[in-house]
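J.: Okay, handing you the structure first.
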Amino acid sequence: MTEDLAVAAPAPATVTDPRAGSFRVDAHHGEILQGVFVAAGRLRRGLVTLPCPLYSTRATFLPTEDTGTTVRPAWRTKARRAADLTLARLGRPIPGGLLDITSDIPLCRGFGSSTADVTSAIGAVLAATGRRLSPAEVGSLAVEAETASDSLMYGGRAVVFAHREGEPIEDLGELMPLAVLGFGTSPGGRGVDTLELPPARYTSWEIEAFRPLRGLLRRAVRDGDASLLGRVATASTLLNQRHLPIPGLDDILAVARASGAAGVQVAHSGDVAGLLFDATDPETPARREFAATRLDVTETWQFETER
């Protein structure tokens with residue numbers, strides 16, 4: 001079961017006043033599955049993100065007597081809006097505050113930088129006020145703040161998340177340990193302007209294809225089957241190739257097969273992609289290193305999901 005967001009563990013912050021609340025959110029690495037799913041008798045857009053501990057965002061909120069939130073740096077406007085919306089949701093127990101955002105998450109790549117800003121801001125306000133909200137309530141606020149959100153408020157759980165509604169479609173459970181070889185797919189790592197991407201217009205055939213993939217992912221998470229999860233991620237990648245093409249995808253798939261990777265996952269609104277491996281397989285380090293030498297890309301990185 002998911003837990004409410006509450007006061008974060010003590011950690012260094014840019015604001016050191018004891019009244020301040022702090023909250024940290026890890027990045028994600030694109031999606032394992034993204035599409036349209038039947039839920040409650042209607043079609044809903046949804047996604048399942050891949051957690052990524054390589055990067056994170058920390059927000060610190062200091063209550064003040066001023067009305068509304070001031071954010072530093074000033075361009076993190078979505079985080080400021082998220083803080084103001086949270087205060088309103090809580091019934092404005094304090095007038096406003098100073099919000100500091102510190103982040104090393106690359107922008108416009110598919111690492112969830114915007115949602116990390118928003119979710120950490122919400123968590124920092126909750127920490128400063130001693131209040132709690134469920135992940136579903138945080139998701140609703142996140143979508144209100146930024147139009148579309150990822151499921152970072154659920155931590156390492158595999159949640160089919162309605163990213164334009166802020167609601168969980170299905171909580172599949174804790175994700176199994178995965179080893180990932182990540183890489184950029186755009187020239188020079190320039191990323192993608194995600195705000196300019198229109199929602200994918202899936203065909204009826206594609207929508208039908210997402211139904212069994214959701215069921216297979218449910219089974220993969222339940223059984224801790226990284227191989228099955230990888231097949232689902234690869235299928236999602238192929239289904240979404242028409243909407244945001246990944247350069248050199250055929251070659252990437254060939255490297256995945258040659259290295260024994262479980263599958264390929266991509267950011268469906270970004271330029272990062274990854275080869276997935278079973279983190280518990282003793283052959284994985286060698287397989288991942290082999291794949292890194294075969295990929296025709298300019299940047300790679302490695303990480304493991306946590307459990």
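Numbering starts fresh at 1 for the residues of each chain in the structure tokens, the chains themselves are lettered A, B, ... in the order given, and ligands are numbered from 1 as they appear.
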Which residues, written as a list of chain:residue names, have at least one atom at most 8 Å from range 172-180 of chain A, with only C-alpha atoms counted and residues fewer than 5 positions away on the same chain left out?
T.: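 With the cut-off at 8 Å, the set is A:Met1, A:Gly156, A:Arg157, A:Ala158, A:Val159, A:Val160, A:Arg218, A:Val221, A:Arg222, A:Gly224, A:Asp225, A:Ala226, A:Gly274, A:Leu275, A:Leu276, A:Phe277, A:Asp278, A:Ala279, A:Thr280, A:Thr284, A:Arg288, A:Gln302, A:Phe303, A:Glu304, A:Thr305, A:Glu306, A:Arg307.
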J.: I'd like to know which residues of range 74-202 of chain A are strand (DSSP E) (by DSSP, run on the backbone); could you write them as a VMD selection string?
T.: chain A and resid 96 to 103 157 to 162 167 to 174 178 to 184
J.: Deliver the residues from the most recent selection as a file, using N, CA and C atoms, as a PDB file, in the first residue's frame.
T.:
```
ATOM      1  N   GLY A  96       1.918  32.249   3.509  1.00  0.00           N
ATOM      2  CA  GLY A  96       2.776  31.951   2.361  1.00  0.00           C
ATOM      3  C   GLY A  96       4.158  31.562   2.835  1.00  0.00           C
ATOM      4  N   GLY A  97       5.129  31.648   1.916  1.00  0.00           N
ATOM      5  CA  GLY A  97       6.463  31.244   2.310  1.00  0.00           C
ATOM      6  C   GLY A  97       7.497  31.458   1.236  1.00  0.00           C
ATOM      7  N   LEU A  98       8.729  31.145   1.594  1.00  0.00           N
ATOM      8  CA  LEU A  98       9.869  31.201   0.677  1.00  0.00           C
ATOM      9  C   LEU A  98      10.232  29.769   0.290  1.00  0.00           C
ATOM     10  N   LEU A  99      10.222  29.484  -1.011  1.00  0.00           N
ATOM     11  CA  LEU A  99      10.473  28.141  -1.524  1.00  0.00           C
ATOM     12  C   LEU A  99      11.799  28.123  -2.255  1.00  0.00           C
ATOM     13  N   ASP A 100      12.727  27.320  -1.783  1.00  0.00           N
ATOM     14  CA  ASP A 100      14.019  27.125  -2.455  1.00  0.00           C
ATOM     15  C   ASP A 100      14.024  25.774  -3.158  1.00  0.00           C
ATOM     16  N   ILE A 101      14.428  25.778  -4.418  1.00  0.00           N
ATOM     17  CA  ILE A 101      14.525  24.542  -5.193  1.00  0.00           C
ATOM     18  C   ILE A 101      15.981  24.313  -5.572  1.00  0.00           C
ATOM     19  N   THR A 102      16.513  23.148  -5.221  1.00  0.00           N
ATOM     20  CA  THR A 102      17.854  22.740  -5.617  1.00  0.00           C
ATOM     21  C   THR A 102      17.743  21.424  -6.375  1.00  0.00           C
ATOM     22  N   SER A 103      18.258  21.396  -7.599  1.00  0.00           N
ATOM     23  CA  SER A 103      18.075  20.202  -8.431  1.00  0.00           C
ATOM     24  C   SER A 103      19.276  19.991  -9.345  1.00  0.00           C
ATOM     25  N   ARG A 157       7.097   2.475  -6.501  1.00  0.00           N
ATOM     26  CA  ARG A 157       5.997   1.591  -6.870  1.00  0.00           C
ATOM     27  C   ARG A 157       5.681   1.727  -8.360  1.00  0.00           C
ATOM     28  N   ALA A 158       5.275   0.617  -8.961  1.00  0.00           N
ATOM     29  CA  ALA A 158       4.832   0.620 -10.354  1.00  0.00           C
ATOM     30  C   ALA A 158       3.346   0.958 -10.373  1.00  0.00           C
ATOM     31  N   VAL A 159       3.032   2.182 -10.735  1.00  0.00           N
ATOM     32  CA  VAL A 159       1.655   2.659 -10.732  1.00  0.00           C
ATOM     33  C   VAL A 159       1.270   3.065 -12.144  1.00  0.00           C
ATOM     34  N   VAL A 160       0.165   2.507 -12.645  1.00  0.00           N
ATOM     35  CA  VAL A 160      -0.398   2.991 -13.902  1.00  0.00           C
ATOM     36  C   VAL A 160      -1.096   4.304 -13.555  1.00  0.00           C
ATOM     37  N   PHE A 161      -0.510   5.405 -14.004  1.00  0.00           N
ATOM     38  CA  PHE A 161      -0.902   6.728 -13.530  1.00  0.00           C
ATOM     39  C   PHE A 161      -1.520   7.540 -14.658  1.00  0.00           C
ATOM     40  N   ALA A 162      -2.712   8.057 -14.432  1.00  0.00           N
ATOM     41  CA  ALA A 162      -3.380   8.919 -15.413  1.00  0.00           C
ATOM     42  C   ALA A 162      -2.715  10.291 -15.343  1.00  0.00           C
ATOM     43  N   GLU A 167      -4.502  10.875 -11.307  1.00  0.00           N
ATOM     44  CA  GLU A 167      -5.112   9.793 -10.533  1.00  0.00           C
ATOM     45  C   GLU A 167      -4.440   8.457 -10.855  1.00  0.00           C
ATOM     46  N   PRO A 168      -4.314   7.576  -9.866  1.00  0.00           N
ATOM     47  CA  PRO A 168      -3.806   6.233 -10.148  1.00  0.00           C
ATOM     48  C   PRO A 168      -4.892   5.387 -10.811  1.00  0.00           C
ATOM     49  N   ILE A 169      -4.555   4.767 -11.927  1.00  0.00           N
ATOM     50  CA  ILE A 169      -5.467   3.824 -12.567  1.00  0.00           C
ATOM     51  C   ILE A 169      -5.346   2.463 -11.894  1.00  0.00           C
ATOM     52  N   GLU A 170      -4.095   2.093 -11.575  1.00  0.00           N
ATOM     53  CA  GLU A 170      -3.859   0.814 -10.893  1.00  0.00           C
ATOM     54  C   GLU A 170      -2.486   0.845 -10.241  1.00  0.00           C
ATOM     55  N   ASP A 171      -2.424   0.432  -8.991  1.00  0.00           N
ATOM     56  CA  ASP A 171      -1.164   0.284  -8.280  1.00  0.00           C
ATOM     57  C   ASP A 171      -0.739  -1.174  -8.413  1.00  0.00           C
ATOM     58  N   LEU A 172       0.322  -1.409  -9.184  1.00  0.00           N
ATOM     59  CA  LEU A 172       0.762  -2.774  -9.476  1.00  0.00           C
ATOM     60  C   LEU A 172       1.645  -3.346  -8.383  1.00  0.00           C
ATOM     61  N   GLY A 173       2.241  -2.501  -7.550  1.00  0.00           N
ATOM     62  CA  GLY A 173       3.086  -2.982  -6.469  1.00  0.00           C
ATOM     63  C   GLY A 173       4.521  -2.500  -6.597  1.00  0.00           C
ATOM     64  N   GLU A 174       5.389  -3.019  -5.740  1.00  0.00           N
ATOM     65  CA  GLU A 174       6.799  -2.620  -5.729  1.00  0.00           C
ATOM     66  C   GLU A 174       7.517  -3.173  -6.958  1.00  0.00           C
ATOM     67  N   LEU A 178      16.080  -3.540 -10.920  1.00  0.00           N
ATOM     68  CA  LEU A 178      16.495  -3.527 -12.324  1.00  0.00           C
ATOM     69  C   LEU A 178      17.835  -2.822 -12.448  1.00  0.00           C
ATOM     70  N   ALA A 179      18.672  -3.326 -13.330  1.00  0.00           N
ATOM     71  CA  ALA A 179      19.908  -2.637 -13.704  1.00  0.00           C
ATOM     72  C   ALA A 179      19.681  -2.018 -15.071  1.00  0.00           C
ATOM     73  N   VAL A 180      20.053  -0.753 -15.210  1.00  0.00           N
ATOM     74  CA  VAL A 180      19.726  -0.008 -16.426  1.00  0.00           C
ATOM     75  C   VAL A 180      20.998   0.568 -17.038  1.00  0.00           C
ATOM     76  N   LEU A 181      21.124   0.407 -18.349  1.00  0.00           N
ATOM     77  CA  LEU A 181      22.123   1.122 -19.130  1.00  0.00           C
ATOM     78  C   LEU A 181      21.379   2.224 -19.874  1.00  0.00           C
ATOM     79  N   GLY A 182      21.511   3.451 -19.380  1.00  0.00           N
ATOM     80  CA  GLY A 182      20.801   4.563 -19.986  1.00  0.00           C
ATOM     81  C   GLY A 182      21.654   5.277 -21.018  1.00  0.00           C
ATOM     82  N   PHE A 183      20.998   5.965 -21.925  1.00  0.00           N
ATOM     83  CA  PHE A 183      21.711   6.712 -22.968  1.00  0.00           C
ATOM     84  C   PHE A 183      20.786   7.753 -23.579  1.00  0.00           C
ATOM     85  N   GLY A 184      21.399   8.745 -24.208  1.00  0.00           N
ATOM     86  CA  GLY A 184      20.640   9.772 -24.901  1.00  0.00           C
ATOM     87  C   GLY A 184      20.464   9.403 -26.361  1.00  0.00           C
TER      88      GLY A 184
END
```
J.: Check the DSSP output for the backbone and give back, as a CSV table (one decimal) with N, CA and C atoms, in the first residue's frame, the residues of range 27-260 of chain A in helix (DSSP H, G or I).
T.:
```
chain,number,residue,atom,x,y,z
A,77,THR,N,8.5,28.3,-11.8
A,77,THR,CA,7.1,28.8,-11.6
A,77,THR,C,6.1,27.7,-11.3
A,78,LYS,N,6.4,26.5,-11.8
A,78,LYS,CA,5.4,25.4,-11.6
A,78,LYS,C,5.5,25.0,-10.1
A,79,ALA,N,6.8,25.0,-9.6
A,79,ALA,CA,6.9,24.7,-8.2
A,79,ALA,C,6.2,25.7,-7.3
A,80,ARG,N,6.4,27.0,-7.6
A,80,ARG,CA,5.7,28.0,-6.9
A,80,ARG,C,4.2,27.8,-6.9
A,81,ARG,N,3.7,27.5,-8.1
A,81,ARG,CA,2.2,27.3,-8.2
A,81,ARG,C,1.8,26.1,-7.4
A,82,ALA,N,2.6,25.0,-7.4
A,82,ALA,CA,2.3,23.8,-6.6
A,82,ALA,C,2.3,24.2,-5.1
A,83,ALA,N,3.2,25.0,-4.6
A,83,ALA,CA,3.2,25.4,-3.2
A,83,ALA,C,1.9,26.1,-2.9
A,84,ASP,N,1.6,27.1,-3.7
A,84,ASP,CA,0.4,27.9,-3.5
A,84,ASP,C,-0.9,27.0,-3.5
A,85,LEU,N,-1.0,26.1,-4.4
A,85,LEU,CA,-2.1,25.2,-4.5
A,85,LEU,C,-2.2,24.3,-3.3
A,86,THR,N,-1.0,23.9,-2.7
A,86,THR,CA,-1.0,23.0,-1.5
A,86,THR,C,-1.5,23.8,-0.3
A,87,LEU,N,-1.1,25.0,-0.2
A,87,LEU,CA,-1.5,25.9,0.9
A,87,LEU,C,-3.1,26.1,0.8
A,88,ALA,N,-3.6,26.3,-0.4
A,88,ALA,CA,-5.0,26.4,-0.6
A,88,ALA,C,-5.7,25.1,-0.2
A,89,ARG,N,-5.2,24.0,-0.6
A,89,ARG,CA,-5.8,22.7,-0.3
A,89,ARG,C,-5.9,22.5,1.2
A,113,SER,N,12.0,16.3,-14.6
A,113,SER,CA,12.5,17.5,-13.8
A,113,SER,C,11.3,18.3,-13.3
A,114,SER,N,10.4,18.5,-14.2
A,114,SER,CA,9.2,19.4,-13.8
A,114,SER,C,8.4,18.8,-12.7
A,115,THR,N,8.1,17.5,-12.8
A,115,THR,CA,7.3,16.8,-11.8
A,115,THR,C,8.1,16.8,-10.5
A,116,ALA,N,9.4,16.6,-10.6
A,116,ALA,CA,10.2,16.6,-9.3
A,116,ALA,C,10.2,17.9,-8.6
A,117,ASP,N,10.2,19.0,-9.4
A,117,ASP,CA,10.1,20.3,-8.8
A,117,ASP,C,8.7,20.5,-8.1
A,118,VAL,N,7.7,20.1,-8.8
A,118,VAL,CA,6.3,20.2,-8.2
A,118,VAL,C,6.1,19.3,-7.0
A,119,THR,N,6.5,18.1,-7.1
A,119,THR,CA,6.2,17.1,-6.0
A,119,THR,C,7.1,17.5,-4.8
A,120,SER,N,8.3,17.9,-5.0
A,120,SER,CA,9.1,18.2,-3.9
A,120,SER,C,8.6,19.5,-3.2
A,121,ALA,N,8.1,20.4,-4.0
A,121,ALA,CA,7.5,21.7,-3.4
A,121,ALA,C,6.3,21.3,-2.6
A,122,ILE,N,5.4,20.4,-3.0
A,122,ILE,CA,4.3,20.0,-2.3
A,122,ILE,C,4.7,19.3,-1.0
A,123,GLY,N,5.7,18.5,-1.1
A,123,GLY,CA,6.2,17.8,0.1
A,123,GLY,C,6.8,18.7,1.1
A,124,ALA,N,7.5,19.8,0.6
A,124,ALA,CA,8.2,20.7,1.5
A,124,ALA,C,7.1,21.5,2.3
A,125,VAL,N,6.0,21.9,1.6
A,125,VAL,CA,4.9,22.6,2.3
A,125,VAL,C,4.3,21.7,3.4
A,126,LEU,N,4.1,20.5,3.0
A,126,LEU,CA,3.5,19.6,4.0
A,126,LEU,C,4.5,19.4,5.2
A,127,ALA,N,5.8,19.3,4.9
A,127,ALA,CA,6.8,19.2,6.0
A,127,ALA,C,6.8,20.4,6.9
A,128,ALA,N,6.7,21.6,6.3
A,128,ALA,CA,6.7,22.8,7.1
A,128,ALA,C,5.4,23.0,7.9
A,129,THR,N,4.3,22.5,7.4
A,129,THR,CA,3.1,22.7,8.2
A,129,THR,C,2.7,21.5,9.0
A,135,PRO,N,-0.6,10.1,-1.7
A,135,PRO,CA,0.0,10.3,-3.0
A,135,PRO,C,-1.1,10.7,-4.1
A,136,ALA,N,-2.3,10.1,-4.0
A,136,ALA,CA,-3.3,10.5,-5.0
A,136,ALA,C,-3.6,12.0,-4.9
A,137,GLU,N,-3.7,12.5,-3.7
A,137,GLU,CA,-4.0,14.0,-3.5
A,137,GLU,C,-2.8,14.8,-4.0
A,138,VAL,N,-1.6,14.3,-3.8
A,138,VAL,CA,-0.4,15.0,-4.3
A,138,VAL,C,-0.4,15.0,-5.8
A,139,GLY,N,-0.8,13.8,-6.4
A,139,GLY,CA,-0.9,13.7,-7.9
A,139,GLY,C,-1.9,14.7,-8.5
A,140,SER,N,-3.0,14.8,-7.8
A,140,SER,CA,-4.0,15.8,-8.3
A,140,SER,C,-3.5,17.2,-8.2
A,141,LEU,N,-2.8,17.6,-7.2
A,141,LEU,CA,-2.2,18.9,-7.1
A,141,LEU,C,-1.1,19.1,-8.2
A,142,ALA,N,-0.3,18.1,-8.4
A,142,ALA,CA,0.8,18.2,-9.4
A,142,ALA,C,0.2,18.4,-10.8
A,143,VAL,N,-0.9,17.7,-11.2
A,143,VAL,CA,-1.5,18.0,-12.5
A,143,VAL,C,-2.1,19.4,-12.6
A,144,GLU,N,-2.7,19.8,-11.5
A,144,GLU,CA,-3.2,21.2,-11.5
A,144,GLU,C,-2.1,22.2,-11.6
A,145,ALA,N,-0.9,21.9,-11.1
A,145,ALA,CA,0.2,22.8,-11.2
A,145,ALA,C,0.9,22.8,-12.6
A,146,GLU,N,0.9,21.6,-13.2
A,146,GLU,CA,1.7,21.6,-14.5
A,146,GLU,C,1.0,20.9,-15.7
A,152,LEU,N,5.9,10.4,-9.7
A,152,LEU,CA,7.0,10.4,-8.8
A,152,LEU,C,6.6,10.4,-7.3
A,153,MET,N,5.4,10.8,-7.1
A,153,MET,CA,4.9,10.9,-5.7
A,153,MET,C,4.6,9.4,-5.1
A,154,TYR,N,4.7,8.4,-6.0
A,154,TYR,CA,4.6,7.0,-5.5
A,154,TYR,C,5.9,6.3,-5.3
A,187,PRO,N,20.8,14.1,-31.0
A,187,PRO,CA,22.2,14.6,-31.2
A,187,PRO,C,22.7,15.6,-30.2
A,188,GLY,N,23.8,15.3,-29.6
A,188,GLY,CA,24.4,16.2,-28.6
A,188,GLY,C,23.6,16.3,-27.3
A,189,GLY,N,22.7,15.4,-27.1
A,189,GLY,CA,21.9,15.4,-25.9
A,189,GLY,C,21.1,16.7,-25.7
A,194,THR,N,9.3,19.2,-24.4
A,194,THR,CA,8.1,18.4,-24.0
A,194,THR,C,6.8,19.2,-24.1
A,195,LEU,N,6.9,20.5,-23.8
A,195,LEU,CA,5.7,21.3,-23.8
A,195,LEU,C,5.1,21.5,-25.2
A,196,GLU,N,5.9,21.2,-26.3
A,196,GLU,CA,5.5,21.3,-27.6
A,196,GLU,C,4.9,20.0,-28.2
A,204,SER,N,-7.2,2.6,-32.9
A,204,SER,CA,-8.0,1.6,-32.2
A,204,SER,C,-7.2,0.3,-32.0
A,205,TRP,N,-6.4,0.0,-33.0
A,205,TRP,CA,-5.6,-1.2,-32.8
A,205,TRP,C,-4.5,-1.0,-31.7
A,206,GLU,N,-3.9,0.1,-31.7
A,206,GLU,CA,-2.9,0.4,-30.6
A,206,GLU,C,-3.6,0.4,-29.2
A,207,ILE,N,-4.7,0.9,-29.1
A,207,ILE,CA,-5.4,0.9,-27.8
A,207,ILE,C,-5.7,-0.5,-27.4
A,208,GLU,N,-6.1,-1.3,-28.3
A,208,GLU,CA,-6.4,-2.7,-27.9
A,208,GLU,C,-5.1,-3.4,-27.5
A,209,ALA,N,-4.0,-3.0,-28.1
A,209,ALA,CA,-2.7,-3.7,-27.8
A,209,ALA,C,-2.3,-3.4,-26.4
A,210,PHE,N,-2.7,-2.2,-25.9
A,210,PHE,CA,-2.2,-1.8,-24.5
A,210,PHE,C,-2.9,-2.6,-23.4
A,211,ARG,N,-4.1,-3.2,-23.8
A,211,ARG,CA,-4.8,-4.0,-22.7
A,211,ARG,C,-4.0,-5.2,-22.2
A,212,PRO,N,-3.6,-6.1,-23.2
A,212,PRO,CA,-2.8,-7.2,-22.6
A,212,PRO,C,-1.4,-6.8,-22.1
A,213,LEU,N,-0.9,-5.7,-22.5
A,213,LEU,CA,0.4,-5.2,-22.0
A,213,LEU,C,0.3,-4.9,-20.5
A,214,ARG,N,-0.8,-4.2,-20.2
A,214,ARG,CA,-1.1,-3.9,-18.8
A,214,ARG,C,-1.2,-5.1,-17.9
A,215,GLY,N,-1.9,-6.1,-18.5
A,215,GLY,CA,-2.0,-7.4,-17.7
A,215,GLY,C,-0.7,-8.1,-17.6
A,216,LEU,N,0.2,-8.1,-18.6
A,216,LEU,CA,1.5,-8.7,-18.5
A,216,LEU,C,2.4,-8.0,-17.6
A,217,LEU,N,2.3,-6.6,-17.5
A,217,LEU,CA,3.1,-5.9,-16.6
A,217,LEU,C,2.6,-6.2,-15.1
A,218,ARG,N,1.4,-6.3,-14.9
A,218,ARG,CA,0.8,-6.7,-13.6
A,218,ARG,C,1.5,-8.0,-13.2
A,219,ARG,N,1.5,-9.0,-14.1
A,219,ARG,CA,2.1,-10.3,-13.7
A,219,ARG,C,3.6,-10.2,-13.5
A,220,ALA,N,4.3,-9.4,-14.3
A,220,ALA,CA,5.7,-9.2,-14.2
A,220,ALA,C,6.1,-8.6,-12.8
A,221,VAL,N,5.3,-7.6,-12.4
A,221,VAL,CA,5.6,-7.0,-11.1
A,221,VAL,C,5.3,-7.9,-9.9
A,222,ARG,N,4.1,-8.6,-10.1
A,222,ARG,CA,3.7,-9.6,-9.0
A,222,ARG,C,4.8,-10.7,-8.8
A,223,ASP,N,5.3,-11.2,-9.9
A,223,ASP,CA,6.2,-12.3,-9.9
A,223,ASP,C,7.7,-11.9,-9.8
A,226,ALA,N,11.8,-9.8,-14.3
A,226,ALA,CA,12.4,-8.7,-15.0
A,226,ALA,C,12.3,-8.9,-16.5
A,227,SER,N,12.4,-10.2,-16.9
A,227,SER,CA,12.4,-10.5,-18.3
A,227,SER,C,11.0,-10.2,-19.0
A,228,LEU,N,9.9,-10.5,-18.3
A,228,LEU,CA,8.6,-10.2,-18.8
A,228,LEU,C,8.4,-8.7,-18.8
A,229,LEU,N,8.9,-8.0,-17.7
A,229,LEU,CA,8.8,-6.5,-17.7
A,229,LEU,C,9.5,-5.9,-18.9
A,230,GLY,N,10.7,-6.5,-19.2
A,230,GLY,CA,11.4,-6.0,-20.3
A,230,GLY,C,10.7,-6.1,-21.7
A,231,ARG,N,10.0,-7.2,-21.8
A,231,ARG,CA,9.2,-7.4,-23.0
A,231,ARG,C,8.1,-6.4,-23.1
A,232,VAL,N,7.4,-6.1,-22.0
A,232,VAL,CA,6.4,-5.1,-22.0
A,232,VAL,C,7.0,-3.8,-22.4
A,233,ALA,N,8.1,-3.4,-21.8
A,233,ALA,CA,8.7,-2.1,-22.1
A,233,ALA,C,9.1,-2.0,-23.6
A,234,THR,N,9.6,-3.1,-24.2
A,234,THR,CA,10.0,-3.1,-25.6
A,234,THR,C,8.7,-2.9,-26.4
A,235,ALA,N,7.7,-3.6,-26.1
A,235,ALA,CA,6.4,-3.5,-26.9
A,235,ALA,C,5.9,-2.0,-26.8
A,236,SER,N,5.9,-1.4,-25.6
A,236,SER,CA,5.5,0.0,-25.5
A,236,SER,C,6.4,0.9,-26.3
A,237,THR,N,7.7,0.7,-26.3
A,237,THR,CA,8.6,1.4,-27.2
A,237,THR,C,8.2,1.4,-28.6
A,238,LEU,N,7.9,0.2,-29.1
A,238,LEU,CA,7.6,0.0,-30.5
A,238,LEU,C,6.2,0.6,-30.8
A,239,LEU,N,5.3,0.5,-29.9
A,239,LEU,CA,4.0,1.1,-30.2
A,239,LEU,C,4.0,2.6,-30.2
A,240,ASN,N,4.9,3.2,-29.4
A,240,ASN,CA,5.0,4.7,-29.4
A,240,ASN,C,6.0,5.2,-30.4
A,249,LEU,N,16.4,3.1,-33.7
A,249,LEU,CA,15.8,2.1,-32.8
A,249,LEU,C,16.1,0.7,-33.2
A,250,ASP,N,16.1,0.4,-34.5
A,250,ASP,CA,16.4,-1.0,-34.9
A,250,ASP,C,17.8,-1.4,-34.4
A,251,ASP,N,18.8,-0.5,-34.5
A,251,ASP,CA,20.1,-0.9,-34.0
A,251,ASP,C,20.1,-1.0,-32.5
A,252,ILE,N,19.4,-0.2,-31.8
A,252,ILE,CA,19.3,-0.3,-30.3
A,252,ILE,C,18.6,-1.7,-29.9
A,253,LEU,N,17.6,-2.1,-30.6
A,253,LEU,CA,17.0,-3.4,-30.4
A,253,LEU,C,17.9,-4.5,-30.7
A,254,ALA,N,18.8,-4.4,-31.7
A,254,ALA,CA,19.7,-5.4,-32.0
A,254,ALA,C,20.8,-5.5,-30.9
A,255,VAL,N,21.2,-4.4,-30.3
A,255,VAL,CA,22.2,-4.5,-29.2
A,255,VAL,C,21.5,-5.1,-28.0
A,256,ALA,N,20.2,-4.8,-27.8
A,256,ALA,CA,19.5,-5.4,-26.7
A,256,ALA,C,19.5,-6.9,-26.8
A,257,ARG,N,19.2,-7.4,-28.0
A,257,ARG,CA,19.2,-8.9,-28.2
A,257,ARG,C,20.6,-9.5,-28.0
A,258,ALA,N,21.6,-8.8,-28.6
A,258,ALA,CA,22.9,-9.4,-28.5
A,258,ALA,C,23.5,-9.4,-27.1
A,259,SER,N,23.1,-8.5,-26.3
A,259,SER,CA,23.6,-8.4,-24.9
A,259,SER,C,22.8,-9.2,-23.9
```
J.: Using CA of Leu47 in chain A and CA of His163 in chain A as the two end points, give the distance in Å to one decimal.
T.: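 Interatomic distance, CA of Leu47 in chain A to CA of His163 in chain A: 6.9 Å.
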J.: Near Tyr55 in chain A, counting only C-alpha atoms, which residues have an atom at most 9 Å away, once you skip same-chain residues fewer than 4 positions from it, shown as a list of chain:residue names?
T.: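 After dropping sequence-adjacent residues, the list is A:Val25, A:Asp26, A:Ala27, A:His28, A:Ser103, A:Asp104, A:Ile105, A:Pro106, A:Phe111.
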J.: Residues as selected, N, CA, C and O atoms, written as a PDB file, in the first residue's frame, can you do that?
T.:
```pdb
ATOM      1  N   VAL A  25      12.895  14.502  -3.916  1.00  0.00           N
ATOM      2  CA  VAL A  25      12.245  13.594  -4.863  1.00  0.00           C
ATOM      3  C   VAL A  25      13.272  13.158  -5.902  1.00  0.00           C
ATOM      4  O   VAL A  25      13.952  13.996  -6.502  1.00  0.00           O
ATOM      5  N   ASP A  26      13.394  11.853  -6.106  1.00  0.00           N
ATOM      6  CA  ASP A  26      14.285  11.335  -7.144  1.00  0.00           C
ATOM      7  C   ASP A  26      13.677  11.515  -8.530  1.00  0.00           C
ATOM      8  O   ASP A  26      12.455  11.631  -8.688  1.00  0.00           O
ATOM      9  N   ALA A  27      14.541  11.498  -9.521  1.00  0.00           N
ATOM     10  CA  ALA A  27      14.111  11.584 -10.920  1.00  0.00           C
ATOM     11  C   ALA A  27      13.507  10.258 -11.378  1.00  0.00           C
ATOM     12  O   ALA A  27      13.477   9.271 -10.641  1.00  0.00           O
ATOM     13  N   HIS A  28      13.026  10.248 -12.601  1.00  0.00           N
ATOM     14  CA  HIS A  28      12.695   8.975 -13.248  1.00  0.00           C
ATOM     15  C   HIS A  28      13.416   8.912 -14.587  1.00  0.00           C
ATOM     16  O   HIS A  28      14.087   9.870 -14.997  1.00  0.00           O
ATOM     17  N   SER A 103      18.258  21.396  -7.599  1.00  0.00           N
ATOM     18  CA  SER A 103      18.075  20.202  -8.431  1.00  0.00           C
ATOM     19  C   SER A 103      19.276  19.991  -9.345  1.00  0.00           C
ATOM     20  O   SER A 103      19.883  20.955  -9.824  1.00  0.00           O
ATOM     21  N   ASP A 104      19.611  18.718  -9.561  1.00  0.00           N
ATOM     22  CA  ASP A 104      20.615  18.380 -10.567  1.00  0.00           C
ATOM     23  C   ASP A 104      20.012  17.561 -11.711  1.00  0.00           C
ATOM     24  O   ASP A 104      20.732  16.956 -12.499  1.00  0.00           O
ATOM     25  N   ILE A 105      18.681  17.546 -11.809  1.00  0.00           N
ATOM     26  CA  ILE A 105      18.015  16.772 -12.859  1.00  0.00           C
ATOM     27  C   ILE A 105      18.132  17.510 -14.192  1.00  0.00           C
ATOM     28  O   ILE A 105      17.734  18.675 -14.287  1.00  0.00           O
ATOM     29  N   PRO A 106      18.673  16.874 -15.221  1.00  0.00           N
ATOM     30  CA  PRO A 106      18.758  17.526 -16.532  1.00  0.00           C
ATOM     31  C   PRO A 106      17.364  17.881 -17.059  1.00  0.00           C
ATOM     32  O   PRO A 106      16.402  17.132 -16.869  1.00  0.00           O
ATOM     33  N   PHE A 111      13.673  13.016 -17.689  1.00  0.00           N
ATOM     34  CA  PHE A 111      13.999  12.598 -16.329  1.00  0.00           C
ATOM     35  C   PHE A 111      12.963  13.071 -15.307  1.00  0.00           C
ATOM     36  O   PHE A 111      13.133  12.868 -14.115  1.00  0.00           O
TER      37      PHE A 111
END
```
J.: May I ask which of the residues A:Ala267, A:Leu244, A:Val297, A:Ala200 is the closest one to His29 in chain A, counting only C-alpha atoms?
T.: A:Ala267
J.: Counting only C-alpha atoms, which of A:Leu107, A:Ala20, A:Ala74, A:Leu133 gets nearest to Leu90 in chain A?
T.: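 For Leu90 in chain A, the nearest of the given residues is A:Leu133.
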J.: From the options A:Gly68, A:Cys108, A:Arg131, A:Leu33, which residue's atoms come nearest to Gly21 in chain A, counting only C-alpha atoms?
T.: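 Closest residue, counting only C-alpha atoms: A:Arg131.
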J.: Restricting the calculation to only C-alpha atoms, which member of A:Pro73, A:Pro285, A:Pro63, A:Gly30 is positioned closest to Val48 in chain A?
T.: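 Ranking A:Pro73, A:Pro285, A:Pro63, A:Gly30 by distance to Val48 in chain A, first place goes to A:Gly30.
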